[in-house]
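Data block below; observations after.
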Amino acid sequence: MSAPSSAYTTAPASRSTGISSYGTSRRFRFELSSFPEIPSDDAALTVDSELSEKIRKIAANSLINLNSKNANNAAVLIVKLPENEIIAAIGSPDPESNYNGYKINMLEVPRAIGSTIKPFIYPNAFEKNLRPYTLIKDREYKYITAIGYPLYPKNFDWKYHGEVTLHFALSNSLNVPTVKTLEYIGLNNFYKFLGNDLEFKPIQPFENYQLGIALGSLEMNLLDLAKYFTIFPNEGILKELKIYKEKSAKPEKKIADPEYVQLINKILNDRHTGIEQFGMKSDLNLFQNNYALKTGTSRDFRDSWVIGYTPDFLVGVWVGNADNSPMEELTGQTGAGRIWTKTMELMMNSEYNKKTPFDFGLIKEFRNTGNIEYGLAGDNYEKQKNLLKEKDLSLILAPHDGDTFLLEKNTSIFLKAKENAAWYIDGALLDPKQKNIFNPEKSGQYRIKAIGASGQTEEVDIFVNE
């Protein structure tokens with residue numbers, strides 16, 4: 001994304017902490033230019049001008065505190081549900097200012113959406129018989145990208161968490177289980193979901209993203225992302241966003257069955273399971289509990305997102321830089337989360353808050369493990385719980401077939417298997433005293449073989465280069 005040079009200037013010595021004094025109608029026209037055929041009569045708009053003024057001030061004042069982390073721009077969208085009426089649309093803290101990118105409407109600029117893609121992956125998995133209680137191994141996996149390079153997906157915290165449920169994985173926004181879930185769905189199936197069902201038009205062909213979609217590389221603007229998120233509070237129905245009161249000509253469209261949507265809402269509404277990644281006293285914890293949310297952080301901290309909703313309204317926030325420069329380690333929680341939390345608190349004390357509860361009537365509780373787990377009536381609990389484990393037939397967890405290592409004085413290659421195993425290097429049994437560590441003495445290709453306690457056998461080839 002490029003912008004005219006005049007859109008970027010040095011901040012004035014006494015930069016205003018609020019918004020400019022130019023007229024309300026003129027200010028709103030900046031954001032409304034994103035929408036075609038806007039009527040000249042402001043009375044026909046769905047926008048709440050008083051609310052929008054307050055939200056713009058929240059964004060402007062929050063950015064002053066975030067400037068120290070090199071975050072200069074923000075966008076906020078509020079949608080009234082279930083009508084999908086836009087009641088506030090903020091693309092800049094002050095469109096009249098020449099300060100860094102303020103003349104760019106960030107509501108309509110596509111940016112990498114980070115982990116906000118994850119809630120769209122999991123209902124597709126639930127449709128294919130996975131459940132929130134399904135177990136998955138969060139460990140190191142190797143993939144070969146379309147251009148031939150190896151990919152080892154990592155979680156945001158650079159840790160692996162062992163065997164976890166899909167509920168835990170989504171609550172804590174784990175990358176590796178999401179990649180495995182996307183692999184289970186099938187890339188082509190998910191491309192069709194995005195392109196045919198949601199009718200989303202990416203800025204690159206879907207095939208360019210591959211499994212990187214699960215790692216947050218897909219670009220989308222806030223208007224589109226918020227619109228697609230409304231399928232969750234709207235029971236799986238996709239509606240166009242409305243900026244004026246005339247009824248939308250485009251018909252509603254069913255995107256997902258309500259039972260799968262309820263499972264997603266249950267997970268995103270759960271503020272306890274995500275404690276490991278978001279903390280017990282997260283700023284995202286609000287005084288009212290009928291809300292759900294998903295954060296997102298793009299690569300190199302270039303984009304910070306929070307999309308959250310109740311059955312009555314949705315609030316989407318983006319924070320970053322209009323010139324796409326990175327921020328200083330601002331996540332979705334610590335960046336956009338500041339604006340989102342203040343906006344949600346304002347909304348919860350407004351006339352728009354009807355305190356409508358989420359509908360979880362199609363969800364069944366399971367207590368097979370002693371904890372409450374969620375699925376659907378008619379589930380084959382044990383089968384669906386282990387569905388992914390049964391498909392993971394690997395014995396050798398590390399190294400991976402085709403891995404390359406650098407030969408140094410004390411090169412150590414750690415050998416890991418899913419069960420106790422005997423290890424062979426080029427046919428020779430590795431001494432158990434070496435504690436499953438192979439120390440190559442010369443460069444070349446090696447064949448590593450493992451024979452597990454169950455009798456399972458697997459071989460991989462590795463390369464050691466000088």
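Letters A, B, ... go to the chains of the structure tokens in the order shown; residues in each chain start at 1; ligands are counted from 1 in the same order.
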
Report as a Markdown table the residues of region 173-214 of chain A within 10 Å of region 135-149 of chain A, each with its shortest atom pair and distance in Å (one decimal), using only C-alpha atoms, ordered by chain and increasing residue number.
| residue | atom | partner | partner_atom | distance |
| --- | --- | --- | --- | --- |
| A:Leu174 | CA | A:Asp138 | CA | 8.4 |
| A:Asn175 | CA | A:Asp138 | CA | 8.9 |
| A:Val176 | CA | A:Asp138 | CA | 6.0 |
| A:Pro177 | CA | A:Asp138 | CA | 5.8 |
| A:Thr178 | CA | A:Asp138 | CA | 9.5 |
| A:Val179 | CA | A:Tyr141 | CA | 9.6 |
| A:Lys180 | CA | A:Ile136 | CA | 8.3 |
| A:Thr181 | CA | A:Ile136 | CA | 8.8 |
| A:Glu207 | CA | A:Ala146 | CA | 8.8 |
| A:Asn208 | CA | A:Ala146 | CA | 8.2 |
| A:Tyr209 | CA | A:Ala146 | CA | 9.3 |
| A:Gln210 | CA | A:Ala146 | CA | 7.7 |
| A:Leu211 | CA | A:Thr145 | CA | 8.4 |
| A:Gly212 | CA | A:Thr145 | CA | 9.4 |

Output all heavy atoms for every residue in the selection just made, as a short mmCIF file (atom, residue, chain, number, x, y, z; two decimals), in the first residue's frame.
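To be explicit, this is the file written out as again_18.cif:
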data_model
loop_
_atom_site.label_atom_id
_atom_site.label_comp_id
_atom_site.auth_asym_id
_atom_site.auth_seq_id
_atom_site.Cartn_x
_atom_site.Cartn_y
_atom_site.Cartn_z
N LEU A 174 -3.45 -20.69 19.24
CA LEU A 174 -2.25 -21.44 18.88
C LEU A 174 -2.19 -21.63 17.37
O LEU A 174 -3.17 -21.99 16.73
CB LEU A 174 -2.24 -22.79 19.58
CG LEU A 174 -2.24 -22.76 21.12
CD1 LEU A 174 -2.17 -24.19 21.67
CD2 LEU A 174 -1.09 -21.91 21.66
N ASN A 175 -1.02 -21.40 16.81
CA ASN A 175 -0.85 -21.50 15.36
C ASN A 175 -0.74 -22.93 14.86
O ASN A 175 -1.34 -23.30 13.85
CB ASN A 175 0.41 -20.74 14.93
CG ASN A 175 0.28 -19.25 15.10
OD1 ASN A 175 -0.82 -18.71 15.05
ND2 ASN A 175 1.39 -18.56 15.29
N VAL A 176 0.08 -23.74 15.55
CA VAL A 176 0.38 -25.08 15.04
C VAL A 176 -0.89 -25.93 14.94
O VAL A 176 -1.15 -26.54 13.89
CB VAL A 176 1.45 -25.76 15.91
CG1 VAL A 176 1.68 -27.19 15.43
CG2 VAL A 176 2.76 -24.97 15.84
N PRO A 177 -1.72 -26.02 15.99
CA PRO A 177 -2.97 -26.79 15.85
C PRO A 177 -3.89 -26.25 14.75
O PRO A 177 -4.61 -27.01 14.11
CB PRO A 177 -3.62 -26.68 17.23
CG PRO A 177 -2.48 -26.45 18.16
CD PRO A 177 -1.54 -25.57 17.39
N THR A 178 -3.85 -24.92 14.52
CA THR A 178 -4.69 -24.35 13.47
C THR A 178 -4.19 -24.77 12.09
O THR A 178 -4.99 -25.04 11.19
CB THR A 178 -4.73 -22.81 13.58
OG1 THR A 178 -5.14 -22.45 14.90
CG2 THR A 178 -5.71 -22.23 12.59
N VAL A 179 -2.87 -24.83 11.92
CA VAL A 179 -2.31 -25.31 10.66
C VAL A 179 -2.74 -26.76 10.42
O VAL A 179 -3.15 -27.13 9.31
CB VAL A 179 -0.78 -25.20 10.66
CG1 VAL A 179 -0.18 -25.94 9.45
CG2 VAL A 179 -0.34 -23.74 10.63
N LYS A 180 -2.67 -27.59 11.45
CA LYS A 180 -3.08 -28.99 11.31
C LYS A 180 -4.58 -29.09 11.03
O LYS A 180 -5.01 -29.96 10.26
CB LYS A 180 -2.74 -29.77 12.58
CG LYS A 180 -1.25 -29.92 12.85
CD LYS A 180 -0.53 -30.69 11.74
CE LYS A 180 -0.94 -32.13 11.64
NZ LYS A 180 -0.21 -32.85 10.57
N THR A 181 -5.36 -28.23 11.63
CA THR A 181 -6.80 -28.23 11.38
C THR A 181 -7.09 -27.81 9.94
O THR A 181 -7.95 -28.41 9.27
CB THR A 181 -7.51 -27.30 12.37
OG1 THR A 181 -7.23 -27.71 13.71
CG2 THR A 181 -9.02 -27.32 12.16
N GLU A 207 -4.02 -19.46 -3.78
CA GLU A 207 -2.96 -20.47 -3.84
C GLU A 207 -1.60 -19.91 -3.41
O GLU A 207 -0.71 -20.67 -3.05
CB GLU A 207 -2.86 -21.03 -5.26
CG GLU A 207 -4.05 -21.87 -5.70
CD GLU A 207 -5.29 -21.05 -6.03
OE1 GLU A 207 -5.16 -19.81 -6.20
OE2 GLU A 207 -6.39 -21.64 -6.11
N ASN A 208 -1.46 -18.60 -3.43
CA ASN A 208 -0.19 -17.99 -2.99
C ASN A 208 0.00 -18.09 -1.49
O ASN A 208 1.13 -18.01 -0.99
CB ASN A 208 -0.12 -16.52 -3.40
CG ASN A 208 0.06 -16.33 -4.89
OD1 ASN A 208 0.10 -17.30 -5.65
ND2 ASN A 208 0.17 -15.09 -5.33
N TYR A 209 -1.09 -18.23 -0.75
CA TYR A 209 -1.01 -18.21 0.71
C TYR A 209 -0.73 -19.59 1.30
O TYR A 209 -0.04 -19.70 2.32
CB TYR A 209 -2.31 -17.66 1.30
CG TYR A 209 -2.60 -16.25 0.92
CD1 TYR A 209 -3.45 -15.94 -0.15
CD2 TYR A 209 -2.04 -15.18 1.62
CE1 TYR A 209 -3.73 -14.63 -0.51
CE2 TYR A 209 -2.31 -13.87 1.27
CZ TYR A 209 -3.15 -13.60 0.20
OH TYR A 209 -3.42 -12.31 -0.15
N GLN A 210 -1.31 -20.63 0.70
CA GLN A 210 -1.14 -22.00 1.19
C GLN A 210 -1.48 -22.05 2.69
O GLN A 210 -2.43 -21.43 3.16
CB GLN A 210 0.28 -22.49 0.90
CG GLN A 210 0.63 -22.52 -0.58
CD GLN A 210 -0.04 -23.65 -1.33
OE1 GLN A 210 -0.04 -24.79 -0.90
NE2 GLN A 210 -0.63 -23.32 -2.47
N LEU A 211 -0.70 -22.81 3.46
CA LEU A 211 -0.96 -22.95 4.90
C LEU A 211 -0.68 -21.66 5.66
O LEU A 211 -1.04 -21.54 6.84
CB LEU A 211 -0.13 -24.10 5.48
CG LEU A 211 -0.52 -25.50 5.01
CD1 LEU A 211 0.50 -26.53 5.48
CD2 LEU A 211 -1.91 -25.89 5.49
N GLY A 212 -0.03 -20.70 5.00
CA GLY A 212 0.21 -19.41 5.63
C GLY A 212 -1.08 -18.69 6.00
O GLY A 212 -1.06 -17.78 6.83
#

List every residue of region 113-175 of chain A that has an atom at most 10 Å from any atom of region 215-227 of chain A, and for each one report the closest atom pair and its distance in Å to one decimal, counting only C-alpha atoms, with rows sorted by chain and then by increasing residue number, as a tab-separated table.
residue	atom	partner	partner_atom	distance
A:Ile113	CA	A:Gly216	CA	5.7
A:Gly114	CA	A:Gly216	CA	3.5
A:Ser115	CA	A:Gly216	CA	5.3
A:Thr116	CA	A:Gly216	CA	7.5
A:Ile117	CA	A:Gly216	CA	6.6
A:Lys118	CA	A:Gly216	CA	8.4
A:Pro153	CA	A:Leu215	CA	8.0
A:Lys154	CA	A:Leu215	CA	8.8
A:Asn155	CA	A:Leu215	CA	8.9
A:Phe156	CA	A:Leu215	CA	9.6
A:Leu174	CA	A:Leu215	CA	9.4
A:Asn175	CA	A:Leu215	CA	6.1

Selection export as a PDB file, in the first residue's frame, atoms kept: C-alpha atoms:
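Below is the file that was written, part06.pdb:
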ATOM      1  CA  ILE A 113      -5.373 -10.104   9.490  1.00  0.00           C
ATOM      2  CA  GLY A 114      -3.295 -12.376  11.724  1.00  0.00           C
ATOM      3  CA  SER A 115      -5.176 -14.786  13.949  1.00  0.00           C
ATOM      4  CA  THR A 116      -8.577 -13.240  13.278  1.00  0.00           C
ATOM      5  CA  ILE A 117      -8.793 -15.815  10.454  1.00  0.00           C
ATOM      6  CA  LYS A 118      -8.919 -18.709  12.929  1.00  0.00           C
ATOM      7  CA  PRO A 153       5.019 -23.590  11.990  1.00  0.00           C
ATOM      8  CA  LYS A 154       5.575 -21.906  15.346  1.00  0.00           C
ATOM      9  CA  ASN A 155       3.199 -20.581  17.971  1.00  0.00           C
ATOM     10  CA  PHE A 156       3.265 -16.922  18.956  1.00  0.00           C
ATOM     11  CA  LEU A 174      -2.247 -21.436  18.881  1.00  0.00           C
ATOM     12  CA  ASN A 175      -0.846 -21.500  15.360  1.00  0.00           C
TER      13      ASN A 175
END

Once DSSP has gone over the backbone, tell me which residues of region 205-336 of chain A are in strand (DSSP E), as a list in words.
Glu219, Met220, Ile237, Leu238, Lys253, Lys254, Ala292, Leu293, Lys294, Thr295, Gly296, Thr297, Asp303, Ser304, Trp305, Val306, Ile307, Gly308, Tyr309, Phe313, Leu314, Val315, Gly316, Val317, Trp318, Val319 and Gly320 of chain A

Mind writing the picked residues with N, CA and C atoms as a short mmCIF file (atom, residue, chain, number, x, y, z; two decimals), in the first residue's frame?
data_model
loop_
_atom_site.label_atom_id
_atom_site.label_comp_id
_atom_site.auth_asym_id
_atom_site.auth_seq_id
_atom_site.Cartn_x
_atom_site.Cartn_y
_atom_site.Cartn_z
N GLU A 219 -4.65 -10.98 3.62
CA GLU A 219 -4.95 -9.57 3.79
C GLU A 219 -6.44 -9.31 3.61
N MET A 220 -6.94 -8.39 4.41
CA MET A 220 -8.36 -8.01 4.35
C MET A 220 -8.50 -6.63 4.97
N ILE A 237 -25.61 -16.51 9.33
CA ILE A 237 -26.16 -15.80 8.18
C ILE A 237 -25.29 -14.59 7.84
N LEU A 238 -24.90 -14.49 6.57
CA LEU A 238 -24.11 -13.36 6.10
C LEU A 238 -25.03 -12.31 5.49
N LYS A 253 -27.39 -14.67 3.09
CA LYS A 253 -26.80 -15.93 2.64
C LYS A 253 -26.38 -16.77 3.83
N LYS A 254 -26.80 -18.02 3.86
CA LYS A 254 -26.40 -18.92 4.94
C LYS A 254 -24.98 -19.40 4.69
N ALA A 292 -18.02 -12.05 22.89
CA ALA A 292 -17.00 -12.95 22.36
C ALA A 292 -16.01 -12.10 21.59
N LEU A 293 -14.78 -12.58 21.45
CA LEU A 293 -13.79 -11.78 20.73
C LEU A 293 -12.67 -12.65 20.18
N LYS A 294 -11.98 -12.08 19.21
CA LYS A 294 -10.75 -12.71 18.69
C LYS A 294 -9.74 -11.61 18.40
N THR A 295 -8.52 -11.84 18.86
CA THR A 295 -7.42 -10.92 18.59
C THR A 295 -6.64 -11.38 17.37
N GLY A 296 -5.81 -10.50 16.85
CA GLY A 296 -4.93 -10.86 15.75
C GLY A 296 -3.70 -9.98 15.74
N THR A 297 -2.55 -10.58 15.44
CA THR A 297 -1.29 -9.85 15.32
C THR A 297 -0.59 -10.36 14.08
N ASP A 303 0.42 -5.21 12.29
CA ASP A 303 -1.02 -5.02 12.43
C ASP A 303 -1.50 -5.60 13.75
N SER A 304 -2.34 -4.85 14.41
CA SER A 304 -2.94 -5.26 15.68
C SER A 304 -4.46 -5.20 15.51
N TRP A 305 -5.14 -6.31 15.80
CA TRP A 305 -6.59 -6.42 15.56
C TRP A 305 -7.32 -6.93 16.81
N VAL A 306 -8.53 -6.46 16.99
CA VAL A 306 -9.51 -7.13 17.86
C VAL A 306 -10.87 -6.99 17.19
N ILE A 307 -11.54 -8.12 17.03
CA ILE A 307 -12.93 -8.13 16.57
C ILE A 307 -13.74 -8.81 17.67
N GLY A 308 -14.69 -8.08 18.24
CA GLY A 308 -15.51 -8.63 19.31
C GLY A 308 -16.96 -8.27 19.13
N TYR A 309 -17.83 -9.03 19.76
CA TYR A 309 -19.26 -8.81 19.53
C TYR A 309 -20.10 -9.37 20.67
N PHE A 313 -24.33 -5.99 19.05
CA PHE A 313 -23.43 -5.12 18.26
C PHE A 313 -22.06 -5.78 18.13
N LEU A 314 -21.34 -5.32 17.11
CA LEU A 314 -19.97 -5.81 16.85
C LEU A 314 -19.03 -4.61 16.80
N VAL A 315 -17.86 -4.77 17.41
CA VAL A 315 -16.83 -3.72 17.40
C VAL A 315 -15.55 -4.31 16.83
N GLY A 316 -15.07 -3.72 15.73
CA GLY A 316 -13.81 -4.14 15.14
C GLY A 316 -12.81 -3.00 15.19
N VAL A 317 -11.57 -3.34 15.57
CA VAL A 317 -10.52 -2.31 15.71
C VAL A 317 -9.24 -2.80 15.04
N TRP A 318 -8.62 -1.91 14.29
CA TRP A 318 -7.28 -2.14 13.74
C TRP A 318 -6.36 -1.03 14.22
N VAL A 319 -5.12 -1.39 14.59
CA VAL A 319 -4.09 -0.41 14.94
C VAL A 319 -2.82 -0.80 14.20
N GLY A 320 -2.12 0.19 13.69
CA GLY A 320 -0.86 -0.06 12.99
C GLY A 320 -0.35 1.24 12.41
#

Atom-to-atom span, CA of Lys54 (chain A) and CA of Met327 (chain A), Å:
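Interatomic distance here is 25.3 Å.
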
For Asn72 (chain A), please output as an MDAnalysis selection string all residues within 8 Å (counting only C-alpha atoms; exclusion window: fewer than 6 positions along the same chain).
chainID A and resid 63 66 100 319:322

Could you jot down the CA of Asn70 (chain A) to CA of Ser282 (chain A) separation for me, Å, one decimal place?
22.2 Å

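Using only C-alpha atoms, the residues found no farther than 7 Å from Leu397 (chain A), other than those of its own chain fewer than 4 positions away, are Lys416, Ala417 and Lys418 of chain A.
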
Write out as a ChimeraX atom specification each polymer residue whose atoms come within 9 Å of Gly91 (chain A), counting only C-alpha atoms; drop sequence neighbours fewer than 6 positions from it.
/A:30-31,56,73-77,102-108

Would you save the residues of that selection, restricted to all heavy atoms, as a compact mmCIF listing (two decimals), in the first residue's frame?
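Final output, saved to again15.txt:
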# COMPACT_ATOMS: atom_id res chain seq x y z
N PHE A 30 -15.55 11.72 4.98
CA PHE A 30 -14.25 11.08 4.77
C PHE A 30 -14.41 9.57 4.79
O PHE A 30 -13.95 8.86 3.88
CB PHE A 30 -13.27 11.54 5.87
CG PHE A 30 -11.97 10.78 5.87
CD1 PHE A 30 -10.97 11.10 4.97
CD2 PHE A 30 -11.75 9.76 6.79
CE1 PHE A 30 -9.76 10.41 4.98
CE2 PHE A 30 -10.55 9.07 6.80
CZ PHE A 30 -9.56 9.39 5.90
N GLU A 31 -15.06 9.02 5.79
CA GLU A 31 -15.26 7.58 5.87
C GLU A 31 -16.33 7.10 4.91
O GLU A 31 -16.22 6.00 4.35
CB GLU A 31 -15.62 7.17 7.30
CG GLU A 31 -14.45 7.07 8.26
CD GLU A 31 -14.17 8.36 9.02
OE1 GLU A 31 -14.99 9.29 8.92
OE2 GLU A 31 -13.14 8.44 9.70
N ARG A 56 -14.15 8.46 17.86
CA ARG A 56 -12.99 9.09 17.26
C ARG A 56 -12.06 9.65 18.34
O ARG A 56 -10.83 9.57 18.22
CB ARG A 56 -13.41 10.19 16.29
CG ARG A 56 -12.31 10.51 15.27
CD ARG A 56 -12.71 11.66 14.36
NE ARG A 56 -13.85 11.39 13.52
CZ ARG A 56 -13.79 10.82 12.31
NH1 ARG A 56 -12.62 10.43 11.84
NH2 ARG A 56 -14.89 10.65 11.61
N ASN A 73 -1.65 4.89 13.61
CA ASN A 73 -2.94 4.90 12.92
C ASN A 73 -3.89 3.88 13.51
O ASN A 73 -3.46 2.88 14.10
CB ASN A 73 -2.74 4.63 11.43
CG ASN A 73 -1.78 5.62 10.78
OD1 ASN A 73 -0.59 5.36 10.69
ND2 ASN A 73 -2.29 6.76 10.36
N ALA A 74 -5.18 4.14 13.32
CA ALA A 74 -6.20 3.23 13.84
C ALA A 74 -7.48 3.37 13.02
O ALA A 74 -7.72 4.39 12.38
CB ALA A 74 -6.49 3.52 15.31
N ALA A 75 -8.28 2.33 13.07
CA ALA A 75 -9.60 2.34 12.46
C ALA A 75 -10.55 1.58 13.37
O ALA A 75 -10.15 0.59 14.01
CB ALA A 75 -9.58 1.71 11.07
N VAL A 76 -11.79 2.04 13.45
CA VAL A 76 -12.81 1.41 14.30
C VAL A 76 -14.11 1.32 13.51
O VAL A 76 -14.51 2.28 12.85
CB VAL A 76 -13.05 2.22 15.59
CG1 VAL A 76 -14.03 1.48 16.51
CG2 VAL A 76 -11.74 2.52 16.32
N LEU A 77 -14.76 0.18 13.61
CA LEU A 77 -16.08 0.00 12.99
C LEU A 77 -17.02 -0.61 14.01
O LEU A 77 -16.67 -1.57 14.69
CB LEU A 77 -15.97 -0.93 11.77
CG LEU A 77 -17.23 -0.99 10.90
CD1 LEU A 77 -17.37 0.28 10.08
CD2 LEU A 77 -17.18 -2.20 9.96
N TYR A 102 -2.85 10.27 8.35
CA TYR A 102 -4.21 10.53 8.83
C TYR A 102 -5.20 10.81 7.70
O TYR A 102 -6.41 10.72 7.89
CB TYR A 102 -4.21 11.70 9.83
CG TYR A 102 -3.90 11.31 11.25
CD1 TYR A 102 -3.17 10.16 11.54
CD2 TYR A 102 -4.34 12.09 12.32
CE1 TYR A 102 -2.87 9.81 12.84
CE2 TYR A 102 -4.05 11.75 13.63
CZ TYR A 102 -3.31 10.60 13.89
OH TYR A 102 -3.03 10.25 15.18
N LYS A 103 -4.70 11.17 6.54
CA LYS A 103 -5.60 11.41 5.41
C LYS A 103 -5.94 10.13 4.65
O LYS A 103 -6.64 10.17 3.64
CB LYS A 103 -4.99 12.44 4.46
CG LYS A 103 -4.95 13.85 5.04
CD LYS A 103 -4.51 14.85 4.00
CE LYS A 103 -4.48 16.26 4.57
NZ LYS A 103 -5.82 16.72 5.03
N ILE A 104 -5.45 8.99 5.13
CA ILE A 104 -5.75 7.69 4.53
C ILE A 104 -6.85 7.02 5.34
O ILE A 104 -6.74 6.89 6.56
CB ILE A 104 -4.51 6.80 4.48
CG1 ILE A 104 -3.41 7.48 3.65
CG2 ILE A 104 -4.84 5.43 3.89
CD1 ILE A 104 -2.09 6.74 3.69
N ASN A 105 -7.89 6.60 4.67
CA ASN A 105 -9.01 5.92 5.34
C ASN A 105 -8.64 4.46 5.54
O ASN A 105 -8.74 3.63 4.63
CB ASN A 105 -10.27 6.04 4.49
CG ASN A 105 -11.48 5.38 5.14
OD1 ASN A 105 -11.39 4.87 6.26
ND2 ASN A 105 -12.60 5.38 4.44
N MET A 106 -8.21 4.11 6.75
CA MET A 106 -7.71 2.76 7.03
C MET A 106 -8.84 1.74 7.18
O MET A 106 -8.57 0.55 7.37
CB MET A 106 -6.83 2.77 8.28
CG MET A 106 -5.55 3.60 8.13
SD MET A 106 -4.55 3.15 6.66
CE MET A 106 -4.12 1.44 7.02
N LEU A 107 -10.08 2.16 7.06
CA LEU A 107 -11.19 1.19 7.02
C LEU A 107 -11.12 0.33 5.76
O LEU A 107 -11.57 -0.81 5.75
CB LEU A 107 -12.53 1.92 7.04
CG LEU A 107 -13.03 2.50 8.35
CD1 LEU A 107 -14.23 3.37 8.09
CD2 LEU A 107 -13.34 1.41 9.35
N GLU A 108 -10.57 0.89 4.68
CA GLU A 108 -10.65 0.22 3.39
C GLU A 108 -9.31 -0.27 2.86
O GLU A 108 -9.24 -0.74 1.73
CB GLU A 108 -11.29 1.17 2.37
CG GLU A 108 -10.56 2.48 2.19
CD GLU A 108 -11.28 3.44 1.26
OE1 GLU A 108 -12.47 3.18 0.96
OE2 GLU A 108 -10.66 4.44 0.86

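Take the candidates A:Asn265, A:Ser62, A:Leu51, A:Thr273 and check each one against Asn371 (chain A) using only C-alpha atoms; the shortest distance goes to A:Thr273.
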
Write down as an MDAnalysis selection string the residues of region 14-197 of chain A whose backbone DSSP state falls under helix (DSSP H, G or I).
chainID A and resid 24:32 42:44 49:69 114:127 166:171 175:185 187:197

Name the residues in contact with Pro202 (chain A) at a cut-off of 10 Å, using only C-alpha atoms, excluding same-chain residues fewer than 2 positions from it; report them as a VMD selection string.
chain A and resid 110 194 to 195 199 to 200 204 to 206 218 to 220

Just write the chosen residues, N, CA, C and O atoms, as a tab-separated table (two decimals), in the first residue's frame.
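Writing the result to out36.tsv gives the following:
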chain	number	residue	atom	x	y	z
A	110	PRO	N	-6.47	-3.04	2.74
A	110	PRO	CA	-6.23	-4.43	3.13
A	110	PRO	C	-4.93	-4.58	3.91
A	110	PRO	O	-3.89	-4.05	3.50
A	194	LEU	N	-13.83	-19.35	1.42
A	194	LEU	CA	-13.54	-17.92	1.38
A	194	LEU	C	-14.07	-17.27	0.10
A	194	LEU	O	-14.70	-16.21	0.14
A	195	GLY	N	-13.79	-17.90	-1.03
A	195	GLY	CA	-14.11	-17.29	-2.31
A	195	GLY	C	-15.55	-17.45	-2.75
A	195	GLY	O	-16.16	-16.51	-3.28
A	199	GLU	N	-17.60	-14.99	-0.56
A	199	GLU	CA	-17.44	-14.13	-1.74
A	199	GLU	C	-16.36	-13.08	-1.52
A	199	GLU	O	-16.45	-11.92	-1.97
A	200	PHE	N	-15.31	-13.48	-0.83
A	200	PHE	CA	-14.18	-12.59	-0.58
A	200	PHE	C	-13.22	-12.64	-1.76
A	200	PHE	O	-12.89	-13.70	-2.27
A	204	GLN	N	-4.26	-11.32	-3.62
A	204	GLN	CA	-3.43	-12.30	-4.32
A	204	GLN	C	-4.28	-13.55	-4.51
A	204	GLN	O	-5.23	-13.78	-3.79
A	205	PRO	N	-3.92	-14.41	-5.48
A	205	PRO	CA	-4.63	-15.69	-5.58
A	205	PRO	C	-4.50	-16.48	-4.28
A	205	PRO	O	-3.45	-16.45	-3.62
A	206	PHE	N	-5.57	-17.17	-3.89
A	206	PHE	CA	-5.54	-17.94	-2.64
A	206	PHE	C	-4.36	-18.91	-2.62
A	206	PHE	O	-3.76	-19.17	-1.57
A	218	LEU	N	-3.17	-13.75	5.29
A	218	LEU	CA	-4.22	-13.26	4.39
A	218	LEU	C	-4.52	-11.79	4.69
A	218	LEU	O	-4.64	-11.40	5.84
A	219	GLU	N	-4.65	-10.98	3.62
A	219	GLU	CA	-4.95	-9.57	3.79
A	219	GLU	C	-6.44	-9.31	3.61
A	219	GLU	O	-7.08	-9.88	2.74
A	220	MET	N	-6.94	-8.39	4.41
A	220	MET	CA	-8.36	-8.01	4.35
A	220	MET	C	-8.50	-6.63	4.97
A	220	MET	O	-7.72	-6.27	5.86

I'd like the contact shell of Arg131 (chain A) - 12 Å cut-off, only C-alpha atoms, skipping same-chain residues fewer than 5 positions apart - returned as JSON, numbers by chain.
{"A": [122, 123, 124, 125, 126, 136, 165, 166, 167, 168, 169, 170, 181, 259, 260, 261, 262, 263, 264, 267, 363, 364, 365, 366, 373, 374, 375, 376, 377, 379, 380, 381, 382, 383, 384, 385, 386, 387, 388]}

What is the distance, in Å and to one decimal place, between CA of Phe358 (chain A) and CA of Gly337 (chain A)?
22.2 Å

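Candidate residues A:Glu408, A:Glu83, A:Asp403, A:Asp312 were compared for distance to Lys245 (chain A), and the nearest is A:Glu83, using only C-alpha atoms.
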
Looking at only C-alpha atoms, which of A:Phe360, A:Leu415, A:Leu395, A:Glu85 is the one that sits closest to Thr457 (chain A)?
A:Leu395

Counting only C-alpha atoms, the residue of A:Ala214, A:Ile90, A:Leu241, A:Met347 that sits nearest Ala112 (chain A):
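Residue with the minimum atom-to-atom distance to Ala112 (chain A): A:Ala214.
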
I need the residue nearest Asp426 (chain A) from this list: A:Ala71, A:Val460, A:Ile203, A:Ile372. Use only C-alpha atoms for the distance.
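Comparing A:Ala71, A:Val460, A:Ile203, A:Ile372 against Asp426 (chain A), the winner is A:Val460.
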